[in-house]
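A.B. asks: start.txt (compact mmCIF, C-alpha atoms) pasted underneath:
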```txt
# COMPACT_ATOMS: atom_id res chain seq x y z
CA MET A 1 -63.17 95.77 -102.67
CA ILE A 2 -63.83 99.14 -101.09
CA GLN A 3 -66.18 99.15 -98.07
CA PRO A 4 -68.59 101.77 -96.62
CA TRP A 5 -67.75 103.80 -93.52
CA LYS A 6 -69.68 103.13 -90.31
CA MET A 7 -71.47 106.13 -88.82
CA ASN A 8 -71.24 105.99 -85.01
CA GLY A 9 -72.68 109.41 -84.23
CA ASP A 10 -74.65 112.19 -85.93
CA LYS A 11 -75.68 115.47 -84.34
CA VAL A 12 -76.95 118.78 -85.66
CA ALA A 13 -74.24 121.32 -84.89
CA TYR A 14 -75.97 124.33 -86.45
CA ASP A 15 -79.42 124.95 -87.93
CA CYS A 16 -79.68 127.37 -90.87
CA GLY A 17 -83.43 126.93 -91.37
CA PHE A 18 -83.43 125.49 -94.85
CA PHE A 19 -80.41 123.31 -94.11
CA GLN A 20 -78.83 121.80 -91.01
CA VAL A 21 -75.11 121.34 -90.42
CA HIS A 22 -74.42 117.87 -89.02
CA VAL A 23 -71.25 116.54 -87.46
CA GLN A 24 -70.99 112.82 -88.10
CA GLN A 25 -68.47 110.57 -86.41
CA SER A 26 -67.68 107.74 -88.81
CA ALA A 27 -65.18 104.91 -88.63
CA SER A 28 -62.95 103.91 -91.51
CA PRO A 29 -63.52 100.35 -92.74
CA VAL A 30 -59.75 100.09 -93.29
CA THR A 31 -58.21 101.49 -90.11
CA GLY A 32 -61.28 101.38 -87.80
CA LYS A 33 -60.35 104.93 -86.76
CA GLU A 34 -63.12 107.49 -86.28
CA HIS A 35 -63.11 110.83 -88.14
CA PRO A 36 -65.54 113.78 -87.99
CA PHE A 37 -67.42 114.66 -91.21
CA TYR A 38 -69.50 117.78 -91.74
CA VAL A 39 -72.63 117.14 -93.77
CA LEU A 40 -75.57 119.39 -94.69
CA SER A 41 -79.06 117.95 -94.65
CA THR A 42 -81.75 119.65 -96.70
CA TRP A 43 -84.85 118.95 -98.83
CA ASP A 44 -84.60 117.41 -102.24
CA TRP A 45 -84.46 119.88 -105.10
CA VAL A 46 -86.10 119.93 -108.51
CA ASN A 47 -85.02 121.59 -111.79
CA VAL A 48 -87.01 121.85 -115.01
CA ILE A 49 -85.92 122.26 -118.63
CA ALA A 50 -89.13 123.36 -120.36
CA PHE A 51 -89.55 123.91 -124.10
CA THR A 52 -92.25 125.91 -125.80
CA ASP A 53 -93.56 124.40 -129.05
CA ASP A 54 -91.34 126.84 -130.95
CA GLY A 55 -88.21 125.66 -129.15
CA LYS A 56 -87.74 128.35 -126.50
CA ILE A 57 -86.61 127.45 -122.97
CA PRO A 58 -88.00 129.68 -120.18
CA MET A 59 -85.05 130.49 -117.90
CA VAL A 60 -84.66 132.60 -114.76
CA TYR A 61 -82.03 135.23 -114.15
CA GLN A 62 -81.54 136.18 -110.52
CA PHE A 63 -79.10 137.44 -107.91
CA ARG A 64 -77.52 134.62 -105.90
CA HIS A 65 -76.13 135.28 -102.45
CA GLY A 66 -73.51 132.47 -102.47
CA SER A 67 -71.67 133.78 -105.53
CA GLY A 68 -72.73 137.39 -104.84
CA ASP A 69 -73.60 137.72 -108.52
CA PHE A 70 -76.39 137.16 -111.03
CA SER A 71 -77.01 133.64 -112.28
CA LEU A 72 -78.88 132.31 -115.32
CA GLU A 73 -80.72 129.12 -114.41
CA ILE A 74 -83.60 126.87 -115.27
CA PRO A 75 -86.63 127.14 -112.95
CA GLY A 76 -86.48 124.99 -109.85
CA GLY A 77 -86.39 124.91 -106.09
CA ALA A 78 -86.97 122.71 -103.08
CA VAL A 79 -89.44 119.82 -103.01
CA ASP A 80 -91.45 120.83 -99.97
CA GLN A 81 -94.25 119.40 -97.86
CA LYS A 82 -97.01 120.98 -99.91
CA ASP A 83 -95.82 119.02 -102.96
CA GLY A 84 -97.03 115.46 -103.47
CA ASP A 85 -93.77 114.48 -105.11
CA ALA A 86 -90.82 115.89 -107.06
CA LEU A 87 -92.84 116.10 -110.29
CA ASP A 88 -95.53 118.19 -108.55
CA ALA A 89 -92.76 120.41 -107.20
CA GLY A 90 -91.35 120.80 -110.73
CA LYS A 91 -94.76 121.85 -112.08
CA ARG A 92 -95.22 124.29 -109.18
CA GLU A 93 -91.76 125.84 -109.55
CA LEU A 94 -92.11 126.21 -113.34
CA LEU A 95 -95.44 127.99 -112.85
CA GLU A 96 -94.36 130.18 -109.89
CA GLU A 97 -90.99 131.23 -111.32
CA THR A 98 -91.90 131.64 -114.99
CA GLY A 99 -95.72 131.61 -115.30
CA TYR A 100 -95.49 128.62 -117.70
CA GLU A 101 -97.36 125.32 -117.69
CA ALA A 102 -96.43 122.34 -119.88
CA ARG A 103 -98.30 119.59 -121.73
CA GLU A 104 -95.90 116.67 -121.38
CA TRP A 105 -93.41 115.77 -118.63
CA HIS A 106 -90.46 113.34 -118.66
CA SER A 107 -87.90 112.53 -115.97
CA LEU A 108 -84.33 113.23 -117.10
CA GLY A 109 -82.88 111.61 -113.99
CA LYS A 110 -81.90 112.17 -110.37
CA ILE A 111 -78.52 113.55 -109.41
CA HIS A 112 -76.60 114.40 -106.24
CA PRO A 113 -75.88 118.13 -105.98
CA ASN A 114 -72.81 117.26 -103.90
CA PRO A 115 -72.55 113.79 -102.36
CA ALA A 116 -69.51 114.83 -100.30
CA ILE A 117 -71.33 117.46 -98.23
CA LEU A 118 -75.06 117.42 -99.11
CA ASN A 119 -77.45 114.56 -98.33
CA ASN A 120 -80.06 115.43 -100.95
CA THR A 121 -81.08 114.57 -104.49
CA CYS A 122 -81.97 116.91 -107.33
CA HIS A 123 -84.73 115.66 -109.66
CA ILE A 124 -84.44 116.89 -113.24
CA TYR A 125 -87.47 117.09 -115.52
CA LEU A 126 -88.09 117.86 -119.15
CA ALA A 127 -91.38 119.66 -119.86
CA LEU A 128 -92.62 119.88 -123.46
CA GLY A 129 -95.33 122.12 -124.89
CA ALA A 130 -94.74 124.88 -122.34
CA LYS A 131 -97.07 127.90 -122.53
CA LYS A 132 -97.27 131.11 -120.55
CA VAL A 133 -100.49 131.01 -118.54
CA SER A 134 -99.98 133.43 -115.66
CA GLU A 135 -97.79 136.02 -114.01
CA LEU A 136 -94.97 135.04 -111.63
CA ASP A 137 -95.76 134.11 -108.03
CA LEU A 138 -92.55 134.70 -106.07
CA ASP A 139 -91.48 134.29 -102.46
CA GLU A 140 -90.82 137.48 -100.50
CA ALA A 141 -87.02 137.41 -100.92
CA GLU A 142 -87.13 136.21 -104.54
CA GLU A 143 -86.64 138.62 -107.45
CA LEU A 144 -86.05 137.30 -110.91
CA GLU A 145 -86.33 137.98 -114.59
CA VAL A 146 -87.62 135.36 -117.08
CA ARG A 147 -85.50 134.99 -120.22
CA LEU A 148 -86.23 132.81 -123.24
CA HIS A 149 -83.35 131.05 -125.00
CA ASP A 150 -83.23 128.28 -127.56
CA LEU A 151 -81.02 125.25 -126.94
CA ALA A 152 -78.20 126.43 -129.22
CA GLU A 153 -78.04 129.71 -127.29
CA VAL A 154 -77.93 127.87 -123.97
CA LYS A 155 -75.01 125.74 -125.17
CA GLN A 156 -73.21 128.87 -126.31
CA LEU A 157 -73.83 130.59 -122.95
CA ILE A 158 -72.38 127.55 -121.15
CA GLN A 159 -69.34 127.54 -123.42
CA GLN A 160 -68.81 131.29 -122.96
CA GLY A 161 -68.95 130.90 -119.14
CA LYS A 162 -72.13 133.01 -118.93
CA LEU A 163 -74.16 130.12 -117.54
CA GLN A 164 -72.08 128.69 -114.70
CA HIS A 165 -74.50 126.88 -112.37
CA ALA A 166 -73.28 123.27 -112.11
CA LEU A 167 -76.75 121.80 -111.56
CA VAL A 168 -78.08 123.57 -114.65
CA ILE A 169 -75.14 122.48 -116.80
CA ALA A 170 -75.61 118.89 -115.54
CA ALA A 171 -79.31 119.08 -116.48
CA PHE A 172 -78.36 119.93 -120.09
CA GLN A 173 -76.00 116.92 -120.18
CA LEU A 174 -78.93 114.72 -119.08
CA LEU A 175 -81.08 116.35 -121.77
CA ASP A 176 -78.47 115.50 -124.46
CA LEU A 177 -78.45 111.85 -123.39
CA PHE A 178 -82.26 111.74 -123.28
CA GLN A 179 -82.52 113.32 -126.74
CA LYS A 180 -80.23 110.67 -128.20
CA SER A 181 -82.45 107.90 -126.81
CA ASN A 182 -85.73 109.64 -127.69
CA PRO A 183 -85.16 111.37 -131.03
CA ARG A 184 -88.86 111.32 -131.95
CA LEU A 185 -89.77 113.69 -129.12
CA PHE A 186 -87.67 116.53 -130.55
CA MET B 1 -83.75 145.65 -115.21
CA ILE B 2 -83.03 143.45 -112.20
CA GLN B 3 -80.61 144.87 -109.60
CA PRO B 4 -78.16 143.27 -107.13
CA TRP B 5 -78.90 142.99 -103.42
CA LYS B 6 -76.88 145.11 -100.99
CA MET B 7 -75.03 143.19 -98.27
CA ASN B 8 -75.18 145.14 -95.00
CA GLY B 9 -73.67 142.52 -92.70
CA ASP B 10 -71.74 139.26 -92.91
CA LYS B 11 -70.65 137.13 -89.96
CA VAL B 12 -69.40 133.57 -89.54
CA ALA B 13 -72.06 131.73 -87.58
CA TYR B 14 -70.36 128.33 -87.55
CA ASP B 15 -66.95 127.05 -88.64
CA CYS B 16 -66.75 123.52 -90.07
CA GLY B 17 -63.01 123.65 -90.80
CA PHE B 18 -63.10 123.23 -94.54
CA PHE B 19 -66.12 125.50 -94.87
CA GLN B 20 -67.62 128.33 -92.85
CA VAL B 21 -71.34 129.05 -92.46
CA HIS B 22 -72.01 132.78 -92.87
CA VAL B 23 -75.15 134.72 -92.07
CA GLN B 24 -75.44 137.67 -94.41
CA GLN B 25 -77.94 140.47 -93.96
CA SER B 26 -78.81 141.80 -97.41
CA ALA B 27 -81.31 144.39 -98.54
CA SER B 28 -83.65 143.89 -101.49
CA PRO B 29 -83.12 146.41 -104.31
CA VAL B 30 -86.91 146.40 -104.82
CA THR B 31 -88.36 146.70 -101.31
CA GLY B 32 -85.24 147.90 -99.43
CA LYS B 33 -86.12 145.31 -96.78
CA GLU B 34 -83.32 143.27 -95.19
CA HIS B 35 -83.35 139.45 -95.21
CA PRO B 36 -80.89 136.92 -93.72
CA PHE B 37 -79.09 134.58 -96.14
CA TYR B 38 -77.00 131.57 -95.16
CA VAL B 39 -73.93 131.15 -97.34
CA LEU B 40 -71.00 128.70 -97.14
CA SER B 41 -67.52 129.96 -97.89
CA THR B 42 -64.87 127.48 -98.92
CA TRP B 43 -61.84 127.04 -101.19
CA ASP B 44 -62.18 126.75 -104.93
CA TRP B 45 -62.37 123.21 -106.24
CA VAL B 46 -60.82 121.51 -109.24
CA ASN B 47 -61.97 118.48 -111.28
CA VAL B 48 -60.06 116.70 -114.03
CA ILE B 49 -61.21 114.61 -116.99
CA ALA B 50 -58.06 112.79 -118.05
CA PHE B 51 -57.72 110.50 -121.08
CA THR B 52 -55.03 107.92 -121.67
CA ASP B 53 -53.83 107.67 -125.27
CA ASP B 54 -56.08 104.63 -125.72
CA GLY B 55 -59.18 106.56 -124.61
CA LYS B 56 -59.55 105.48 -120.99
CA ILE B 57 -60.60 107.96 -118.30
CA PRO B 58 -59.13 107.34 -114.81
CA MET B 59 -62.01 107.75 -112.36
CA VAL B 60 -62.32 107.41 -108.59
CA TYR B 61 -64.93 105.41 -106.71
CA GLN B 62 -65.31 106.33 -103.07
CA PHE B 63 -67.68 106.50 -100.12
CA ARG B 64 -69.24 109.95 -99.70
CA HIS B 65 -70.53 111.05 -96.31
CA GLY B 66 -73.18 113.49 -97.61
CA SER B 67 -75.08 110.89 -99.62
CA GLY B 68 -73.99 108.05 -97.30
CA ASP B 69 -73.19 105.99 -100.38
CA PHE B 70 -70.47 105.26 -102.92
CA SER B 71 -69.91 107.74 -105.73
CA LEU B 72 -68.13 107.42 -109.07
CA GLU B 73 -66.29 110.65 -109.86
CA ILE B 74 -63.44 112.19 -111.75
CA PRO B 75 -60.36 113.05 -109.66
CA GLY B 76 -60.44 116.43 -107.98
CA GLY B 77 -60.44 118.32 -104.73
CA ALA B 78 -59.80 121.69 -103.18
CA VAL B 79 -57.35 124.23 -104.56
CA ASP B 80 -55.27 124.79 -101.45
CA GLN B 81 -52.43 127.05 -100.37
CA LYS B 82 -49.70 124.66 -101.46
CA ASP B 83 -50.99 124.93 -105.05
CA GLY B 84 -49.81 127.79 -107.23
CA ASP B 85 -53.12 127.88 -109.08
CA ALA B 86 -56.09 125.72 -110.03
CA LEU B 87 -54.16 123.97 -112.82
CA ASP B 88 -51.42 122.96 -110.35
CA ALA B 89 -54.13 121.68 -108.03
CA GLY B 90 -55.63 119.65 -110.89
CA LYS B 91 -52.24 118.07 -111.66
CA ARG B 92 -51.69 117.31 -107.96
CA GLU B 93 -55.16 115.79 -107.46
CA LEU B 94 -54.88 113.65 -110.60
CA LEU B 95 -51.55 112.31 -109.40
CA GLU B 96 -52.53 111.82 -105.73
CA GLU B 97 -55.92 110.22 -106.40
CA THR B 98 -55.10 108.08 -109.43
CA GLY B 99 -51.29 107.96 -109.81
CA TYR B 100 -51.60 109.42 -113.35
CA GLU B 101 -49.75 112.30 -114.97
CA ALA B 102 -50.76 113.88 -118.29
CA ARG B 103 -48.96 115.39 -121.27
CA GLU B 104 -51.37 118.13 -122.31
CA TRP B 105 -53.78 120.25 -120.28
CA HIS B 106 -56.75 122.39 -121.41
CA SER B 107 -59.25 124.39 -119.38
CA LEU B 108 -62.84 123.26 -119.95
CA GLY B 109 -64.22 126.18 -117.97
CA LYS B 110 -65.10 127.44 -114.51
CA ILE B 111 -68.45 126.71 -112.91
CA HIS B 112 -70.30 127.52 -109.68
CA PRO B 113 -70.99 124.37 -107.64
CA ASN B 114 -74.02 126.14 -106.16
CA PRO B 115 -74.26 129.94 -106.48
CA ALA B 116 -77.23 130.05 -104.09
CA ILE B 117 -75.34 128.73 -101.07
CA LEU B 118 -71.64 128.31 -101.95
CA ASN B 119 -69.24 131.17 -102.70
CA ASN B 120 -66.70 129.12 -104.63
CA THR B 121 -65.77 128.18 -108.18
CA CYS B 122 -64.94 124.74 -109.56
CA HIS B 123 -62.24 124.70 -112.27
CA ILE B 124 -62.62 121.91 -114.81
CA TYR B 125 -59.63 120.62 -116.79
CA LEU B 126 -59.09 118.20 -119.61
CA ALA B 127 -55.82 116.26 -119.45
CA LEU B 128 -54.67 114.32 -122.52
CA GLY B 129 -51.97 111.68 -122.77
CA ALA B 130 -52.49 110.46 -119.20
CA LYS B 131 -50.12 107.72 -117.96
CA LYS B 132 -49.87 105.87 -114.69
CA VAL B 133 -46.60 106.90 -113.06
CA SER B 134 -47.02 106.15 -109.35
CA GLU B 135 -49.15 104.69 -106.60
CA LEU B 136 -51.92 106.71 -104.92
CA ASP B 137 -51.07 109.28 -102.25
CA LEU B 138 -54.21 109.72 -100.16
CA ASP B 139 -55.20 111.84 -97.18
CA GLU B 140 -55.77 110.00 -93.90
CA ALA B 141 -59.58 109.86 -94.21
CA GLU B 142 -59.57 109.16 -97.95
CA GLU B 143 -60.12 105.65 -99.33
CA LEU B 144 -60.81 105.14 -102.98
CA GLU B 145 -60.62 102.78 -105.90
CA VAL B 146 -59.40 103.85 -109.35
CA ARG B 147 -61.59 102.67 -112.24
CA LEU B 148 -60.95 103.13 -115.95
CA HIS B 149 -63.89 103.86 -118.26
CA ASP B 150 -64.08 105.04 -121.84
CA LEU B 151 -66.30 108.01 -122.71
CA ALA B 152 -69.17 105.90 -124.07
CA GLU B 153 -69.27 103.96 -120.79
CA VAL B 154 -69.30 107.17 -118.77
CA LYS B 155 -72.26 108.47 -120.78
CA GLN B 156 -74.08 105.19 -120.21
CA LEU B 157 -73.36 105.29 -116.46
CA ILE B 158 -74.80 108.82 -116.31
CA GLN B 159 -77.89 107.76 -118.24
CA GLN B 160 -78.39 104.72 -116.00
CA GLY B 161 -78.15 106.87 -112.86
CA LYS B 162 -74.96 105.11 -111.73
CA LEU B 163 -72.92 108.29 -111.96
CA GLN B 164 -74.94 110.95 -110.12
CA HIS B 165 -72.47 113.62 -108.99
CA ALA B 166 -73.70 116.92 -110.48
CA LEU B 167 -70.22 118.45 -110.80
CA VAL B 168 -68.96 115.41 -112.67
CA ILE B 169 -71.96 115.35 -115.02
CA ALA B 170 -71.48 119.09 -115.64
CA ALA B 171 -67.80 118.45 -116.48
CA PHE B 172 -68.83 115.99 -119.20
CA GLN B 173 -71.21 118.58 -120.68
CA LEU B 174 -68.28 121.02 -120.83
CA LEU B 175 -66.18 118.29 -122.47
CA ASP B 176 -68.85 117.77 -125.16
CA LEU B 177 -68.87 121.47 -125.98
CA PHE B 178 -65.06 121.61 -126.02
CA GLN B 179 -64.87 118.55 -128.29
CA LYS B 180 -67.23 120.19 -130.80
CA SER B 181 -64.99 123.28 -130.97
CA ASN B 182 -61.71 121.32 -130.98
CA PRO B 183 -62.34 118.19 -133.06
CA ARG B 184 -58.65 117.81 -133.98
CA LEU B 185 -57.68 117.07 -130.38
CA PHE B 186 -59.78 113.91 -130.23
```
Go ahead and render the structure in this file as structure tokens.

C.D. replies:
Amino acid sequence: MIQPWKMNGDKVAYDCGFFQVHVQQSASPVTGKEHPFYVLSTWDWVNVIAFTDDGKIPMVYQFRHGSGDFSLEIPGGAVDQKDGDALDAGKRELLEETGYEAREWHSLGKIHPNPAILNNTCHIYLALGAKKVSELDLDEAEELEVRLHDLAEVKQLIQQGKLQHALVIAAFQLLDLFQKSNPRLF
Amino acid sequence: MIQPWKMNGDKVAYDCGFFQVHVQQSASPVTGKEHPFYVLSTWDWVNVIAFTDDGKIPMVYQFRHGSGDFSLEIPGGAVDQKDGDALDAGKRELLEETGYEAREWHSLGKIHPNPAILNNTCHIYLALGAKKVSELDLDEAEELEVRLHDLAEVKQLIQQGKLQHALVIAAFQLLDLFQKSNPRLF
């Protein structure tokens, strides 16, 4: 039976503002030998698949500095201190990034963006009955375009490699599983 | 029409060995104003969904230092210099981490693990006709357990929140889409 590693030391080696680079010294349960592991700590994240009553999903298209390219995504962001919880953060991000509010919210699950190097969780929500109620309210370094797609188009964009964000693709897998268990909602 | 940002500077602020933390200075196409962006550069990754001829998927269960917990995943890792390409890396990782080789390989697509903060691509492969041919061949700080699950079990584990790795969940979404376009293979 496989055992957990024992963390003997943890220090912040570099602070990037919205994430911190930690060096952890952890001992193998098998050999007892210590190894260094680099881990990033950051806030939890939230992502929202919203549907209008006529089956359109408000999505955001924006330039991403990691890939150096544009990325088609669902609205989302960090769960921060002004949010009561991840659901509040989801409602806030949907409104800020797309101008939509929704009637009915369901959790699709919680996933690890990358358990090897990130310490955080991403909360995925489904929002039904979404309606445009306001203009966008973006952060200073945020520029994005809202695009509406139906679910069949999203699946096609994933298959064509035009939607490549792993967290977004994972959210649509969770949606599929939720739909199968809750057919009456759709 | 939304425009790309212009990178005016890029320096490595901290080197973690298998990834480097960059600070990029990039100018908004709208305001012209420069903002700092933290980006991690690292190798491409590869992940493999393999099936034995009787429908079992060899998976790996291991302790992950980011989440500080165990994680159920498909075999995979970094595409490194000893690999000719991502497919070679997939074959190597499947063999090293599970001891399996496979008869038939298909690309399921390329995704971005996190286009906001990571510069790399994760290549996802499907391997059919997998067979156990050897023992595991692990790196010094790698300890893992091989577990066999069929596809229905994997879907259930995702739905129950017992399989939470975003890249793995995304790989199964790509598999679903591939299966729909290639029903004869399954």

A.B. asks: Rank A:Ser67, A:Ser134, A:Thr98, A:Thr31 by their smallest atom-to-atom distance to chain B, using all atoms listed in the file, and report the top residue only.

C.D. replies: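 That would be A:Ser67, the residue with the smallest distance to chain B.
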
A.B. asks: Could you list, as a count of residues only, the residues of chain B having an atom within 6 Å of chain A when counting all atoms listed in the file?

C.D. replies: 22

A.B. asks: List every protein, DNA or RNA residue that has an atom no more than 12 Å from (-86.1, 136.5, -127.9) in the file's coordinate frame, counting all atoms listed in the file, and report them as a PyMOL selection string.

C.D. replies: chain A and resi 54-59+146-150+153

A.B. asks: When you draw a straight line from atom CA of Trp43 of chain B to atom CA of Val133 of chain B, how long is it in Å?

C.D. replies: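 Taking atom CA of Trp43 of chain B and atom CA of Val133 of chain B, their separation equals 27.9 Å.
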
A.B. asks: Calculated over all atoms listed in the file, which of the candidates B:Ala130, B:Ala152, B:Val46, B:Leu138 has the smallest distance to Ala89 of chain B?

C.D. replies: B:Val46

A.B. asks: Out of A:Asp10, A:Glu97, A:Glu135, A:Asp44, which residue has the shortest atom-to-atom distance to Gln81 of chain A when counting only C-alpha atoms?

C.D. replies: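 Smallest distance to Gln81 of chain A is found for A:Asp44.
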
A.B. asks: Starting from 4 Å padding per side, set up an axis-aligned box that covers all listed atoms of segment 157-174 of chain B and hand over centre and edge lengths in Å, one decimal, as lines of an AutoDock Vina configuration file.

C.D. replies:
```
center_x = -73.1
center_y = 112.9
center_z = -114.9
size_x = 18.6
size_y = 24.3
size_z = 19.8
```

A.B. asks: So how many Å separate atom CA of Lys131 of chain A and atom CA of Ala102 of chain A, to one decimal?

C.D. replies: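 Computing the Euclidean distance for atom CA of Lys131 of chain A and atom CA of Ala102 of chain A yields 6.2 Å.
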
A.B. asks: Quick one, how far is atom CA of Lys11 of chain A from atom CA of Asp85 of chain A?

C.D. replies: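 Rounded to one decimal, the two atoms are 27.6 Å apart.
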
A.B. asks: Could you check the closest approach to His106 of chain B for each of B:Gln25, B:Asn182, B:Gln20, B:Asn8 and tell me which residue wins, using all atoms listed in the file?

C.D. replies: B:Asn182

A.B. asks: Given the choices B:Val12, B:Leu157, B:Ile124, B:Leu151, which gets closest to Pro75 of chain B if the distance is worked out from only C-alpha atoms?

C.D. replies: B:Ile124

A.B. asks: Using all atoms listed in the file, what residues lie at most 7 Å away from (-88.7, 120.4, -116.7) (file coordinates), given as a short mmCIF file (atom, residue, chain, number, x, y, z; two decimals) with C-alpha atoms, in the frame of the given file?

C.D. replies:
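Final output, result-v7.cif:
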```
data_model
loop_
_atom_site.label_atom_id
_atom_site.label_comp_id
_atom_site.auth_asym_id
_atom_site.auth_seq_id
_atom_site.Cartn_x
_atom_site.Cartn_y
_atom_site.Cartn_z
CA ASN A 47 -85.02 121.59 -111.79
CA VAL A 48 -87.01 121.85 -115.01
CA ILE A 49 -85.92 122.26 -118.63
CA ALA A 50 -89.13 123.36 -120.36
CA GLY A 90 -91.35 120.80 -110.73
CA TRP A 105 -93.41 115.77 -118.63
CA ILE A 124 -84.44 116.89 -113.24
CA TYR A 125 -87.47 117.09 -115.52
CA LEU A 126 -88.09 117.86 -119.15
CA ALA A 127 -91.38 119.66 -119.86
#
```

A.B. asks: Kindly write C-alpha atoms of segment 131-161 of chain B from the structure just given to a file, as a PDB file, in the first residue's frame.

C.D. replies:
```
ATOM      1  CA  LYS B 131      -0.254  -5.389 -22.756  1.00  0.00           C
ATOM      2  CA  LYS B 132       1.913  -5.671 -19.684  1.00  0.00           C
ATOM      3  CA  VAL B 133       5.438  -6.448 -20.867  1.00  0.00           C
ATOM      4  CA  SER B 134       7.727  -5.388 -18.014  1.00  0.00           C
ATOM      5  CA  GLU B 135       8.060  -4.076 -14.492  1.00  0.00           C
ATOM      6  CA  LEU B 136       7.946  -0.339 -13.717  1.00  0.00           C
ATOM      7  CA  ASP B 137      11.006   1.834 -14.308  1.00  0.00           C
ATOM      8  CA  LEU B 138      10.608   4.859 -12.054  1.00  0.00           C
ATOM      9  CA  ASP B 139      12.609   8.002 -11.357  1.00  0.00           C
ATOM     10  CA  GLU B 140      14.255   8.246  -7.941  1.00  0.00           C
ATOM     11  CA  ALA B 141      11.537  10.449  -6.378  1.00  0.00           C
ATOM     12  CA  GLU B 142       8.653   8.634  -8.071  1.00  0.00           C
ATOM     13  CA  GLU B 143       6.535   6.079  -6.206  1.00  0.00           C
ATOM     14  CA  LEU B 144       3.300   4.874  -7.676  1.00  0.00           C
ATOM     15  CA  GLU B 145       0.778   2.084  -7.817  1.00  0.00           C
ATOM     16  CA  VAL B 146      -0.740   0.840 -11.086  1.00  0.00           C
ATOM     17  CA  ARG B 147      -4.525   0.384 -11.000  1.00  0.00           C
ATOM     18  CA  LEU B 148      -6.736  -1.008 -13.748  1.00  0.00           C
ATOM     19  CA  HIS B 149     -10.176   0.529 -14.322  1.00  0.00           C
ATOM     20  CA  ASP B 150     -12.670   0.207 -17.132  1.00  0.00           C
ATOM     21  CA  LEU B 151     -14.105   3.347 -18.739  1.00  0.00           C
ATOM     22  CA  ALA B 152     -17.405   3.218 -16.827  1.00  0.00           C
ATOM     23  CA  GLU B 153     -15.480   3.102 -13.538  1.00  0.00           C
ATOM     24  CA  VAL B 154     -13.326   6.054 -14.572  1.00  0.00           C
ATOM     25  CA  LYS B 155     -16.432   8.112 -15.363  1.00  0.00           C
ATOM     26  CA  GLN B 156     -17.887   7.196 -11.988  1.00  0.00           C
ATOM     27  CA  LEU B 157     -14.656   8.137 -10.185  1.00  0.00           C
ATOM     28  CA  ILE B 158     -14.716  11.529 -11.918  1.00  0.00           C
ATOM     29  CA  GLN B 159     -18.343  12.070 -10.971  1.00  0.00           C
ATOM     30  CA  GLN B 160     -17.677  11.075  -7.358  1.00  0.00           C
ATOM     31  CA  GLY B 161     -14.761  13.524  -7.127  1.00  0.00           C
TER      32      GLY B 161
END
```
